[in-house]
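Engineer: Let me begin by handing over the structure; questions about it come next.
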Protein chains: 2
Amino acid sequence: MKLKDLVGLRFKERPADCVIDSHAFSVRGGYIKYVSNGIYSLYTPMKRVTSKIEAIIRDEMEKVDSQEVMFPVVLPGSLWEESGRYESVGEELLRFTDRNRAKMVLGMTHEEAAVQLVREYGSTYANYPFSIYQIQTKFRDEARPRAGLIRVREFTMKDAYSFHTSQEDLEAYYDRMAEAYFRIFKRAGIPEVVSVKSDSGMIGGSVSHEYMLLVDAGEDSIVLCKECGYSANMEAADNTVDNSGSAPIGELTKVHTPNAKTMDEVCGFLHAKVEESCKAVVYQKNMTDEYVVVFLRGDYEVNETKLVNLIGDKVHPAEITDGCGIVAGFCGPVGLKADCQVIYDKSLQGIENLVCGANEVDYHYTGMNLARDCEGVEFVDVAKIKEGGICPCCGKKTITISRGIEVGNIFQLGTKYTESMNMTYTAEDGKTKTPIMGCYGIGVGRLAASVCEAKHDERGPIWPITIAPWQVHLCCMRVDDSACKAEADRIYEELQNAGVEVIYDDRDVRAGAMFADADLLGVPVRIVVGPKGLANGEIELATRDKSVQEQVKKDEIVAKTQELIQTLTDKIMQA
Amino acid sequence: MKLKDLVGLRFKERPADCVIDSHAFSVRGGYIKYVSNGIYSLYTPMKRVTSKIEAIIRDEMEKVDSQEVMFPVVLPGSLWEESGRYESVGEELLRFTDRNRAKMVLGMTHEEAAVQLVREYGSTYANYPFSIYQIQTKFRDEARPRAGLIRVREFTMKDAYSFHTSQEDLEAYYDRMAEAYFRIFKRAGIPEVVSVKSDSGMIGGSVSHEYMLLVDAGEDSIVLCKECGYSANMEAADNTVDNSGSAPIGELTKVHTPNAKTMDEVCGFLHAKVEESCKAVVYQKNMTDEYVVVFLRGDYEVNETKLVNLIGDKVHPAEITDGCGIVAGFCGPVGLKADCQVIYDKSLQGIENLVCGANEVDYHYTGMNLARDCEGVEFVDVAKIKEGGICPCCGKKTITISRGIEVGNIFQLGTKYTESMNMTYTAEDGKTKTPIMGCYGIGVGRLAASVCEAKHDERGPIWPITIAPWQVHLCCMRVDDSACKAEADRIYEELQNAGVEVIYDDRDVRAGAMFADADLLGVPVRIVVGPKGLANGEIELATRDKSVQEQVKKDEIVAKTQELIQTLTDKIMQA
């Protein structure tokens with residue numbers, strides 16, 4: 001199509017509210033339009049990108065024998081009551097009533113709908129295993145949408161659900177799906193995506209993995225071991241601490257520590273090592289307001305996901321009130337008189353001689369020994385692993401922490417949904433059994449934005465040819481020069497006849513404006529037809545990233561363009 | 001794919017709650033699954049049908065230079081407040097609040113979102129005309145969903161919006177779109193769709209047309225003139241009545257009409273013609289409860305759409321209370337003392353001598369003459385046209401009334417949305433003007449169900465090859481016969497390699513069950529591999545409708561199948 005007909009505007013200035021580059025380019029390039037908080041319309045260039053991603057996903061889903069279906073966006077609340085999630089999921093689940101006052105929800109994920117769809121079909125073992133997927137709009141009422149299409153409230157998602165009669169069968173299929181996911185990301189131009197162990201959150205199940213694109217703008221922290229290949233989301237990463245070599249056991253002594261509240265200040269004041277201190281972090285449970293005190297080594301932070309999984313309730317930072325027994329800033333395990341749940345993190349294990357709060361304003365203990373001075377101490381892992389920490393897999397101090405965007409996730413759900421929703425099958429032996437489920441998601445818009453985040457320069461996106469809105473951007477530099485215009489028109493027509501997707505800029509604008517727009521549209525192959533080159537019978541053929549930039553004989557331009565498209569495509573497929 | 005792997009069950013029995021055939025086959029054939037009132041999941045066969053329809057629509061939208069975009073399903077209420085529809089649309093618009101108590105709606109149509117998307121782009125005349133469309137989920141909280149996918153609450157719709165600087169330009173584009181619509185319906189296998197003049201309803205605008213598939217199960221009444229080609233939805237059809245030859249003027253006489261309440265009973269009792277009676281139909285306005293009395297010829301019915309358009313408020317049948325001045329069953333224009341709006345339908349025009357109610361229990365008038373006996377009588381058209389009525393176009397008594405399903409609609413919106421939402425452009429002369437809009441809808445699922453309604457026999461759908469879930473249904477009649485199985489396997493593989501979409505039934509079931517399933521899936525080309533034919537080196541090639549049924553040499557089966565697919569496709573394209 002012609003650029004002058006393309007609906008949408010492009011902007012020179014970076015919008016002030018865009019923190020990350022992909023968001024800025026999505027707005028500047030006329031890809032998306034803000035409609036409401038976390039809700040966008042897509043202009044044609046972004047719709048073309050997402051449609052191409054969807055086509056890749058469909059192709060790969062077919063390869064793993066998943067059948068395309070379609071679930072509703074609006075679901076009856078009763079369906080979510082069956083699984084228990086109507087109650088258990090927070091405000092992200094948008095609940096409302098219809099004209100007949102029936103409870104409804106906006107689907108944020110479709111495990112319930114999947115079970116409802118196949119409950120009868122899946123009533124005999126002979127029909128297993130099977131897998132279904134949809135590509136459909138979802139709504140998640142996020143508290144803090146951000147970063148353009150990266151974290152939105154409404155989004156298009158591919159969600160697949162598989163059903164099995166054994167854990168082994170689920171695992172085998174899970175592995176096939178994992179391979180399909182890597183192929184999808186490779187074909188979308190981001191082969192560098194890594195799979196990491198993750199926390200299953202409100203979806204449930206025991207084993208799950210996230211696919212992470214490592215970019216600085218990512219909102220997740222990814223724990224990686226370069227040595228053995230271990231990878232996990234920070235939320236799910238085990239933390240191991242080596243406390244060998246810490247000071248020997250000493251005497252419990254109460255010391256006056258005026259004006260020192262943080263453990264760093266206390267240790268500084270006492271000339272003690274913060275690595276041999278025991279700090280307290282105090283939470284309250286969401287449902288009961290009961291206090292939860294976590295003791296951990298002074299230089300570690302609480303991993304709240306692990307904490308929540310341990311105690312089975314969400315938490316918020318505590319509001320410490322008079323009389324609750326907790327002395328803010330001086331809380332310690334010795335003589336703690338509060339009515340609260342006490343948790344000892346593994347990072348304290350093996351330290352014989354600790355600095356800790358004395359549960360009294362302006363006082364701490366030194367020489368505290370948990371085994372000696374406290375009762376019933378059990379160590380659990382609720383701390384965040386740190387850069388340079390010990391790899392839970394190979395045991396070496398090789399951990400690095402990177403930022404990542406989650407571009408997909410897969411879950412082994414077990415029987416969470418099938419059991420609660422009474423889906424059963426008659427096994428070969430005649431017994432009634434509960435099927436085992438897996439589920440597998442990819443956010444289409446987020447994937448598009450993530451590719452942009454990973455593949456751009458200061459002037460705009462550099463779309464991989466497999467998902468680019470068009471394959472070729474054709475620029476006619478002088479529409480007032482009839483030879484130049486005629487040649488560009490000819491190339492436009494011939495490329496279209498050859499099935500090439502071309503965006504053709506035949507506007508009467510300056511070269512600077514033309515190239516700025518081309519850079520914002522990020523089309524990987526560019527043809528520049530100008531009078532100067534034409535005087536030598538030549539036309540410029542280049543890639544958006546300038547790795548190719550050559551003068552081509554005008555009679556060869558169509559063939560050379562097709563070759564270049566093929567080369568770029570092959571490069572992606574072989575990555 | 002293999003039929004034995006297809007997720008979903010097929011049923012022999014017609015479900016009791018299915019009134020129309022397409023609904024029954026959608027359930028029996030494993031196409032759809034009821035989730036909630038008017039909300040369905042789609043199994044793979046229906047998803048494949050709708051995907052093919054969507055591909056046809058995309059192709060035709062591209063031909064009329066419409067650009068694909070995507071609007072949100074969930075829209076801010078403020079956007080609908082801009083257009084005034086947040087207030088004006090009834091309960092079909094599902095309104096709710098998000099976690100931050102912001103007003104939201106589920107998009108039932110996207111005029112507001114379209115204007116919001118292009119308001120800046122459309123600020124200069126140079127960018128006009130332009131057209132955008134999406135294929136996306138919509139939700140309309142229908143009071144009475146029915147008939148499977150025909151009238152649902154959640155549905156996938158193609159909705160296009162065009163923007164123009166002149167009425168002429170809109171009309172020219174409207175005509176192009178009208179042609180595209182006919183091509184879409186032809187390509188979907190229903191060339192018999194007719195375009196009819198329609199009422200614009202809550203969408204607004206002055207001119208609109210609906211595309212009607214004439215089937216007995218349709219819920220719309222379509223007014224057609226076989227003579228001149230006039231066509232209209234009953235809601236929008238003008239009614240003309242010829243009262244020449246009715247009785248001459250007489251004397252107004254009050255008569256006792258005990259036990260006669262309906263006008264038919266009264267006329268029977270009085271030996272009068274119902275065609276020379278004046279009956280009353282009483283409504284109340286929705287917003288004010290004010291009474292509206294419509295007087296019309298005894299043998300006509302009120303066209304409520306025309307009435308609503310006339311009075312500018314919705315109406316409901318009146319609850320006639322004591323003291324309101326209306327005597328139920330005896331209401332007439334002479335001496336009516338109620339506080340109400342009185343409307344005289346054109347069907348009364350030219351009748352000099354009428355029977356009518358006397359506003360007194362058990363009494364009617366004869367010899368009533370509106371001009372003589374009543375004041376301020378003005379005739380308006382609020383009656384339904386009848387079978388055999390006068391064509392508003394050619395004036396002949398040629399009207400027939402058919403049932404139809406609306407499979408698409410197009411509207412000339414004028415400036416309803418652009419004006420209310422402050423969309424303006426700078427014209428070539430520098431003046432600020434308001435653009436003119438058109439909008440164009442097709443419900444994808446309803447179209448699929450409508451095709452099924454028009455193309456089926458007693459055993460199941462007969463899908464047109466262009467939108468069939470698969471092109472070929474391959475039956476292996478004896479999987480326990482190794483030669484038979486090997487031959488069917490070979491054909492399956494070769495057809496797939498040739499790019500043919502095959503559903504392959506290699507289950508070990510009886511022929512009856514196999515054919516019943518094939519009939520329910522309605523795949524247009526069928527190949528039956530059986531030992532009997534194979535003994536002669538032959539395989540059966542047939543169409544679902546049995547218009548073709550032949551024995552083909554086994555070496556020629558793949559080529560002949562491809563030929564048959566081409567023939568069926570050509571037939572549709574040439575219809």
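Each chain in the structure tokens gets a letter, A, B and so on, in the order shown; residues start at 1 in every chain, and ligands are counted from 1 in the order they appear.
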Output as an NGL selection string the set of chain B residues within 6 Å of chain A, with distances taken over only C-alpha atoms.
Structural biologist: :B and (8-9 or 41-44 or 47 or 68-72 or 121)
Engineer: Store the residues of this selection in a file with N, CA, C and O atoms, as a PDB file, in the first residue's frame.
Structural biologist:
```pdb
ATOM      1  N   GLY B   8     -14.429 -33.009  20.552  1.00  0.00           N
ATOM      2  CA  GLY B   8     -15.859 -32.715  20.453  1.00  0.00           C
ATOM      3  C   GLY B   8     -16.627 -33.990  20.145  1.00  0.00           C
ATOM      4  O   GLY B   8     -16.094 -34.914  19.540  1.00  0.00           O
ATOM      5  N   LEU B   9     -17.878 -34.005  20.561  1.00  0.00           N
ATOM      6  CA  LEU B   9     -18.715 -35.177  20.321  1.00  0.00           C
ATOM      7  C   LEU B   9     -19.783 -34.839  19.294  1.00  0.00           C
ATOM      8  O   LEU B   9     -20.147 -33.690  19.114  1.00  0.00           O
ATOM      9  N   SER B  41     -18.813 -21.453  23.236  1.00  0.00           N
ATOM     10  CA  SER B  41     -17.462 -21.745  22.765  1.00  0.00           C
ATOM     11  C   SER B  41     -17.596 -22.407  21.396  1.00  0.00           C
ATOM     12  O   SER B  41     -18.609 -23.052  21.103  1.00  0.00           O
ATOM     13  N   LEU B  42     -16.574 -22.245  20.571  1.00  0.00           N
ATOM     14  CA  LEU B  42     -16.569 -22.891  19.259  1.00  0.00           C
ATOM     15  C   LEU B  42     -15.569 -24.041  19.266  1.00  0.00           C
ATOM     16  O   LEU B  42     -14.417 -23.866  19.664  1.00  0.00           O
ATOM     17  N   TYR B  43     -16.029 -25.202  18.846  1.00  0.00           N
ATOM     18  CA  TYR B  43     -15.106 -26.303  18.612  1.00  0.00           C
ATOM     19  C   TYR B  43     -14.395 -26.080  17.265  1.00  0.00           C
ATOM     20  O   TYR B  43     -14.800 -25.218  16.464  1.00  0.00           O
ATOM     21  N   THR B  44     -13.413 -26.910  17.024  1.00  0.00           N
ATOM     22  CA  THR B  44     -12.572 -26.748  15.830  1.00  0.00           C
ATOM     23  C   THR B  44     -13.345 -26.652  14.511  1.00  0.00           C
ATOM     24  O   THR B  44     -13.030 -25.785  13.690  1.00  0.00           O
ATOM     25  N   LYS B  47     -14.717 -23.210  14.302  1.00  0.00           N
ATOM     26  CA  LYS B  47     -13.619 -22.242  14.255  1.00  0.00           C
ATOM     27  C   LYS B  47     -13.011 -22.227  12.847  1.00  0.00           C
ATOM     28  O   LYS B  47     -12.666 -21.170  12.328  1.00  0.00           O
ATOM     29  N   GLU B  68      -6.999  -2.923   8.019  1.00  0.00           N
ATOM     30  CA  GLU B  68      -7.348  -3.649   9.245  1.00  0.00           C
ATOM     31  C   GLU B  68      -6.692  -3.015  10.468  1.00  0.00           C
ATOM     32  O   GLU B  68      -5.490  -2.765  10.491  1.00  0.00           O
ATOM     33  N   VAL B  69      -7.509  -2.776  11.470  1.00  0.00           N
ATOM     34  CA  VAL B  69      -7.028  -2.264  12.745  1.00  0.00           C
ATOM     35  C   VAL B  69      -7.635  -3.157  13.831  1.00  0.00           C
ATOM     36  O   VAL B  69      -8.264  -4.167  13.525  1.00  0.00           O
ATOM     37  N   MET B  70      -7.461  -2.794  15.071  1.00  0.00           N
ATOM     38  CA  MET B  70      -8.094  -3.545  16.149  1.00  0.00           C
ATOM     39  C   MET B  70      -8.471  -2.597  17.267  1.00  0.00           C
ATOM     40  O   MET B  70      -7.630  -1.872  17.789  1.00  0.00           O
ATOM     41  N   PHE B  71      -9.746  -2.624  17.617  1.00  0.00           N
ATOM     42  CA  PHE B  71     -10.240  -1.826  18.730  1.00  0.00           C
ATOM     43  C   PHE B  71     -10.362  -2.701  19.971  1.00  0.00           C
ATOM     44  O   PHE B  71     -10.482  -3.917  19.862  1.00  0.00           O
ATOM     45  N   PRO B  72     -10.422  -2.075  21.137  1.00  0.00           N
ATOM     46  CA  PRO B  72     -10.607  -2.866  22.354  1.00  0.00           C
ATOM     47  C   PRO B  72     -12.050  -3.402  22.479  1.00  0.00           C
ATOM     48  O   PRO B  72     -12.989  -2.799  21.950  1.00  0.00           O
ATOM     49  N   TYR B 121      -5.632  11.942  12.807  1.00  0.00           N
ATOM     50  CA  TYR B 121      -5.269  11.649  11.415  1.00  0.00           C
ATOM     51  C   TYR B 121      -6.235  12.339  10.463  1.00  0.00           C
ATOM     52  O   TYR B 121      -5.835  12.838   9.412  1.00  0.00           O
TER      53      TYR B 121
END
```
Engineer: Excluding same-chain residues fewer than 6 positions from A:Ala318, what lies within 12 Å of it counting only C-alpha atoms, as a PDB file with N, CA, C and O atoms, in the first residue's frame?
Structural biologist:
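In the end it all went to result_23.pdb:
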```pdb
ATOM      1  N   ALA A 280      15.066  -8.385  60.843  1.00  0.00           N
ATOM      2  CA  ALA A 280      13.656  -8.789  60.853  1.00  0.00           C
ATOM      3  C   ALA A 280      12.892  -7.983  59.789  1.00  0.00           C
ATOM      4  O   ALA A 280      13.106  -6.783  59.657  1.00  0.00           O
ATOM      5  N   VAL A 281      12.053  -8.670  59.019  1.00  0.00           N
ATOM      6  CA  VAL A 281      11.134  -7.964  58.118  1.00  0.00           C
ATOM      7  C   VAL A 281       9.728  -8.381  58.534  1.00  0.00           C
ATOM      8  O   VAL A 281       9.443  -9.574  58.656  1.00  0.00           O
ATOM      9  N   VAL A 282       8.879  -7.409  58.786  1.00  0.00           N
ATOM     10  CA  VAL A 282       7.564  -7.705  59.372  1.00  0.00           C
ATOM     11  C   VAL A 282       6.449  -7.467  58.344  1.00  0.00           C
ATOM     12  O   VAL A 282       6.406  -6.419  57.699  1.00  0.00           O
ATOM     13  N   TYR A 283       5.608  -8.468  58.178  1.00  0.00           N
ATOM     14  CA  TYR A 283       4.458  -8.385  57.270  1.00  0.00           C
ATOM     15  C   TYR A 283       3.181  -8.623  58.050  1.00  0.00           C
ATOM     16  O   TYR A 283       3.210  -9.070  59.205  1.00  0.00           O
ATOM     17  N   GLN A 284       2.063  -8.375  57.375  1.00  0.00           N
ATOM     18  CA  GLN A 284       0.778  -8.849  57.883  1.00  0.00           C
ATOM     19  C   GLN A 284       0.082  -9.654  56.803  1.00  0.00           C
ATOM     20  O   GLN A 284       0.195  -9.331  55.610  1.00  0.00           O
ATOM     21  N   LYS A 285      -0.616 -10.689  57.217  1.00  0.00           N
ATOM     22  CA  LYS A 285      -1.362 -11.499  56.248  1.00  0.00           C
ATOM     23  C   LYS A 285      -2.575 -10.714  55.766  1.00  0.00           C
ATOM     24  O   LYS A 285      -3.232 -10.031  56.568  1.00  0.00           O
ATOM     25  N   ASN A 286      -2.884 -10.840  54.482  1.00  0.00           N
ATOM     26  CA  ASN A 286      -3.990 -10.065  53.912  1.00  0.00           C
ATOM     27  C   ASN A 286      -5.340 -10.426  54.530  1.00  0.00           C
ATOM     28  O   ASN A 286      -6.163  -9.567  54.775  1.00  0.00           O
ATOM     29  N   ASP A 289      -4.759 -10.254  58.954  1.00  0.00           N
ATOM     30  CA  ASP A 289      -3.960  -9.186  59.574  1.00  0.00           C
ATOM     31  C   ASP A 289      -2.955  -9.724  60.583  1.00  0.00           C
ATOM     32  O   ASP A 289      -2.273  -8.960  61.260  1.00  0.00           O
ATOM     33  N   GLU A 290      -2.837 -11.035  60.709  1.00  0.00           N
ATOM     34  CA  GLU A 290      -1.859 -11.619  61.626  1.00  0.00           C
ATOM     35  C   GLU A 290      -0.442 -11.205  61.186  1.00  0.00           C
ATOM     36  O   GLU A 290      -0.151 -11.136  59.995  1.00  0.00           O
ATOM     37  N   TYR A 291       0.400 -10.944  62.180  1.00  0.00           N
ATOM     38  CA  TYR A 291       1.782 -10.557  61.860  1.00  0.00           C
ATOM     39  C   TYR A 291       2.617 -11.767  61.457  1.00  0.00           C
ATOM     40  O   TYR A 291       2.433 -12.868  61.990  1.00  0.00           O
ATOM     41  N   VAL A 292       3.541 -11.527  60.534  1.00  0.00           N
ATOM     42  CA  VAL A 292       4.506 -12.549  60.129  1.00  0.00           C
ATOM     43  C   VAL A 292       5.876 -11.877  60.208  1.00  0.00           C
ATOM     44  O   VAL A 292       6.109 -10.863  59.546  1.00  0.00           O
ATOM     45  N   VAL A 293       6.747 -12.422  61.060  1.00  0.00           N
ATOM     46  CA  VAL A 293       8.098 -11.851  61.162  1.00  0.00           C
ATOM     47  C   VAL A 293       9.075 -12.793  60.470  1.00  0.00           C
ATOM     48  O   VAL A 293       9.128 -13.984  60.799  1.00  0.00           O
ATOM     49  N   VAL A 294       9.788 -12.256  59.499  1.00  0.00           N
ATOM     50  CA  VAL A 294      10.799 -13.054  58.815  1.00  0.00           C
ATOM     51  C   VAL A 294      12.167 -12.596  59.300  1.00  0.00           C
ATOM     52  O   VAL A 294      12.516 -11.413  59.190  1.00  0.00           O
ATOM     53  N   CYS A 324       1.325  -4.369  70.066  1.00  0.00           N
ATOM     54  CA  CYS A 324       1.325  -5.624  69.305  1.00  0.00           C
ATOM     55  C   CYS A 324       2.526  -6.472  69.693  1.00  0.00           C
ATOM     56  O   CYS A 324       2.619  -7.633  69.324  1.00  0.00           O
ATOM     57  N   ILE A 326       5.656  -5.933  68.894  1.00  0.00           N
ATOM     58  CA  ILE A 326       6.800  -5.806  67.993  1.00  0.00           C
ATOM     59  C   ILE A 326       7.352  -4.391  68.140  1.00  0.00           C
ATOM     60  O   ILE A 326       6.607  -3.406  68.055  1.00  0.00           O
ATOM     61  N   VAL A 327       8.629  -4.299  68.387  1.00  0.00           N
ATOM     62  CA  VAL A 327       9.258  -2.990  68.534  1.00  0.00           C
ATOM     63  C   VAL A 327       9.919  -2.646  67.207  1.00  0.00           C
ATOM     64  O   VAL A 327      10.951  -3.226  66.840  1.00  0.00           O
ATOM     65  N   ALA A 328       9.304  -1.747  66.483  1.00  0.00           N
ATOM     66  CA  ALA A 328       9.763  -1.458  65.127  1.00  0.00           C
ATOM     67  C   ALA A 328      11.225  -1.029  65.148  1.00  0.00           C
ATOM     68  O   ALA A 328      11.620  -0.169  65.924  1.00  0.00           O
ATOM     69  N   CYS A 340       2.596 -13.642  66.743  1.00  0.00           N
ATOM     70  CA  CYS A 340       2.895 -13.614  65.305  1.00  0.00           C
ATOM     71  C   CYS A 340       3.521 -14.922  64.851  1.00  0.00           C
ATOM     72  O   CYS A 340       3.966 -15.735  65.658  1.00  0.00           O
TER      73      CYS A 340
END
```
Engineer: Could you please determine the separation between atom CA of B:Ile222 and atom CA of B:Pro392 in Å, to one decimal place?
Structural biologist: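 A separation of 13.8 Å between them.
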Engineer: In terms of the shortest atom-to-atom distance over only C-alpha atoms, which of B:Trp470, B:Tyr181, B:Phe163, B:Phe269 is closest to B:Gln496?
Structural biologist: B:Trp470
Engineer: Mind giving me the straight-line distance from atom CA of A:Asp480 to atom CA of A:Ala511 in Å, one decimal?
Structural biologist: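 Those two atoms sit 13.3 Å apart.
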Engineer: DSSP on the backbone: which residues in stretch 97-154 of chain A end up as strand (DSSP E)? Give the answer as a count of residues only.
Structural biologist: 16
Engineer: What parts of stretch 104-305 of chain A does DSSP call helix (DSSP H, G or I)? I'd like the answer as a ChimeraX atom specification.
Structural biologist: /A:111-118,121-123,125-127,167-187,201-203,234-236,263-270,274-276,304-305
Engineer: Would you export the selected residues with C-alpha atoms as a PDB file, in the first residue's frame, please?
Structural biologist:
```
ATOM      1  CA  GLU A 111      -8.762 -23.088  32.217  1.00  0.00           C
ATOM      2  CA  GLU A 112     -12.392 -23.231  33.376  1.00  0.00           C
ATOM      3  CA  ALA A 113     -13.759 -22.689  29.888  1.00  0.00           C
ATOM      4  CA  ALA A 114     -11.419 -25.354  28.527  1.00  0.00           C
ATOM      5  CA  VAL A 115     -12.595 -27.918  31.059  1.00  0.00           C
ATOM      6  CA  GLN A 116     -16.221 -26.991  30.377  1.00  0.00           C
ATOM      7  CA  LEU A 117     -15.664 -27.446  26.626  1.00  0.00           C
ATOM      8  CA  VAL A 118     -14.124 -30.923  26.810  1.00  0.00           C
ATOM      9  CA  TYR A 121     -15.385 -35.492  25.192  1.00  0.00           C
ATOM     10  CA  GLY A 122     -12.787 -36.325  27.808  1.00  0.00           C
ATOM     11  CA  SER A 123     -14.961 -38.850  29.638  1.00  0.00           C
ATOM     12  CA  TYR A 125      -9.521 -42.730  28.188  1.00  0.00           C
ATOM     13  CA  ALA A 126      -9.660 -43.537  24.468  1.00  0.00           C
ATOM     14  CA  ASN A 127      -9.878 -39.833  23.583  1.00  0.00           C
ATOM     15  CA  GLN A 167       1.970 -37.349  34.522  1.00  0.00           C
ATOM     16  CA  GLU A 168       4.476 -38.920  32.107  1.00  0.00           C
ATOM     17  CA  ASP A 169       2.236 -38.127  29.163  1.00  0.00           C
ATOM     18  CA  LEU A 170       1.799 -34.543  30.354  1.00  0.00           C
ATOM     19  CA  GLU A 171       5.546 -34.164  30.772  1.00  0.00           C
ATOM     20  CA  ALA A 172       6.243 -35.515  27.307  1.00  0.00           C
ATOM     21  CA  TYR A 173       3.729 -33.087  25.806  1.00  0.00           C
ATOM     22  CA  TYR A 174       5.030 -30.239  27.984  1.00  0.00           C
ATOM     23  CA  ASP A 175       8.453 -30.833  26.462  1.00  0.00           C
ATOM     24  CA  ARG A 176       7.017 -30.797  22.935  1.00  0.00           C
ATOM     25  CA  MET A 177       5.248 -27.540  23.713  1.00  0.00           C
ATOM     26  CA  ALA A 178       8.458 -26.117  25.177  1.00  0.00           C
ATOM     27  CA  GLU A 179      10.196 -26.865  21.870  1.00  0.00           C
ATOM     28  CA  ALA A 180       7.322 -25.279  19.948  1.00  0.00           C
ATOM     29  CA  TYR A 181       7.707 -22.162  22.080  1.00  0.00           C
ATOM     30  CA  PHE A 182      11.395 -21.873  21.240  1.00  0.00           C
ATOM     31  CA  ARG A 183      10.525 -22.261  17.541  1.00  0.00           C
ATOM     32  CA  ILE A 184       7.874 -19.530  17.822  1.00  0.00           C
ATOM     33  CA  PHE A 185      10.303 -17.084  19.420  1.00  0.00           C
ATOM     34  CA  LYS A 186      12.987 -17.952  16.909  1.00  0.00           C
ATOM     35  CA  ARG A 187      10.611 -17.419  14.016  1.00  0.00           C
ATOM     36  CA  GLY A 201       0.932 -17.973  40.825  1.00  0.00           C
ATOM     37  CA  MET A 202      -2.831 -17.861  40.474  1.00  0.00           C
ATOM     38  CA  ILE A 203      -2.801 -20.295  37.556  1.00  0.00           C
ATOM     39  CA  MET A 234      13.731 -14.487  40.857  1.00  0.00           C
ATOM     40  CA  GLU A 235      10.317 -15.356  42.319  1.00  0.00           C
ATOM     41  CA  ALA A 236      11.050 -19.062  41.955  1.00  0.00           C
ATOM     42  CA  MET A 263      20.898  -3.401  60.316  1.00  0.00           C
ATOM     43  CA  ASP A 264      23.565  -1.648  58.238  1.00  0.00           C
ATOM     44  CA  GLU A 265      23.631   1.229  60.719  1.00  0.00           C
ATOM     45  CA  VAL A 266      23.702  -1.123  63.693  1.00  0.00           C
ATOM     46  CA  CYS A 267      26.546  -3.186  62.255  1.00  0.00           C
ATOM     47  CA  GLY A 268      28.433  -0.016  61.350  1.00  0.00           C
ATOM     48  CA  PHE A 269      28.002   1.248  64.909  1.00  0.00           C
ATOM     49  CA  LEU A 270      29.094  -2.074  66.399  1.00  0.00           C
ATOM     50  CA  VAL A 274      26.217  -7.325  58.245  1.00  0.00           C
ATOM     51  CA  GLU A 275      26.731 -10.881  56.908  1.00  0.00           C
ATOM     52  CA  GLU A 276      26.648 -12.014  60.539  1.00  0.00           C
ATOM     53  CA  GLU A 304       7.716 -12.345  48.867  1.00  0.00           C
ATOM     54  CA  THR A 305       6.517 -14.920  46.341  1.00  0.00           C
TER      55      THR A 305
END
```
Engineer: Find the residues near B:Tyr211: any atom within 7 Å, counting only C-alpha atoms, skip ones fewer than 3 places away on the same chain, and give them as a PyMOL selection string.
Structural biologist: chain B and resi 193-196+406-409
Engineer: Separation of atom CA of B:Glu352 and atom CA of B:Val255, in Å?
Structural biologist: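 Straight-line distance from atom CA of B:Glu352 to atom CA of B:Val255 works out to 18.0 Å.
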Engineer: Skipping near chain neighbours, those fewer than 3 positions away, what residues fall within 6 Å of stretch 437-451 of chain B using only C-alpha atoms, listed as a ChimeraX atom specification?
Structural biologist: /B:22,149-150,156-163,407-414,454-455
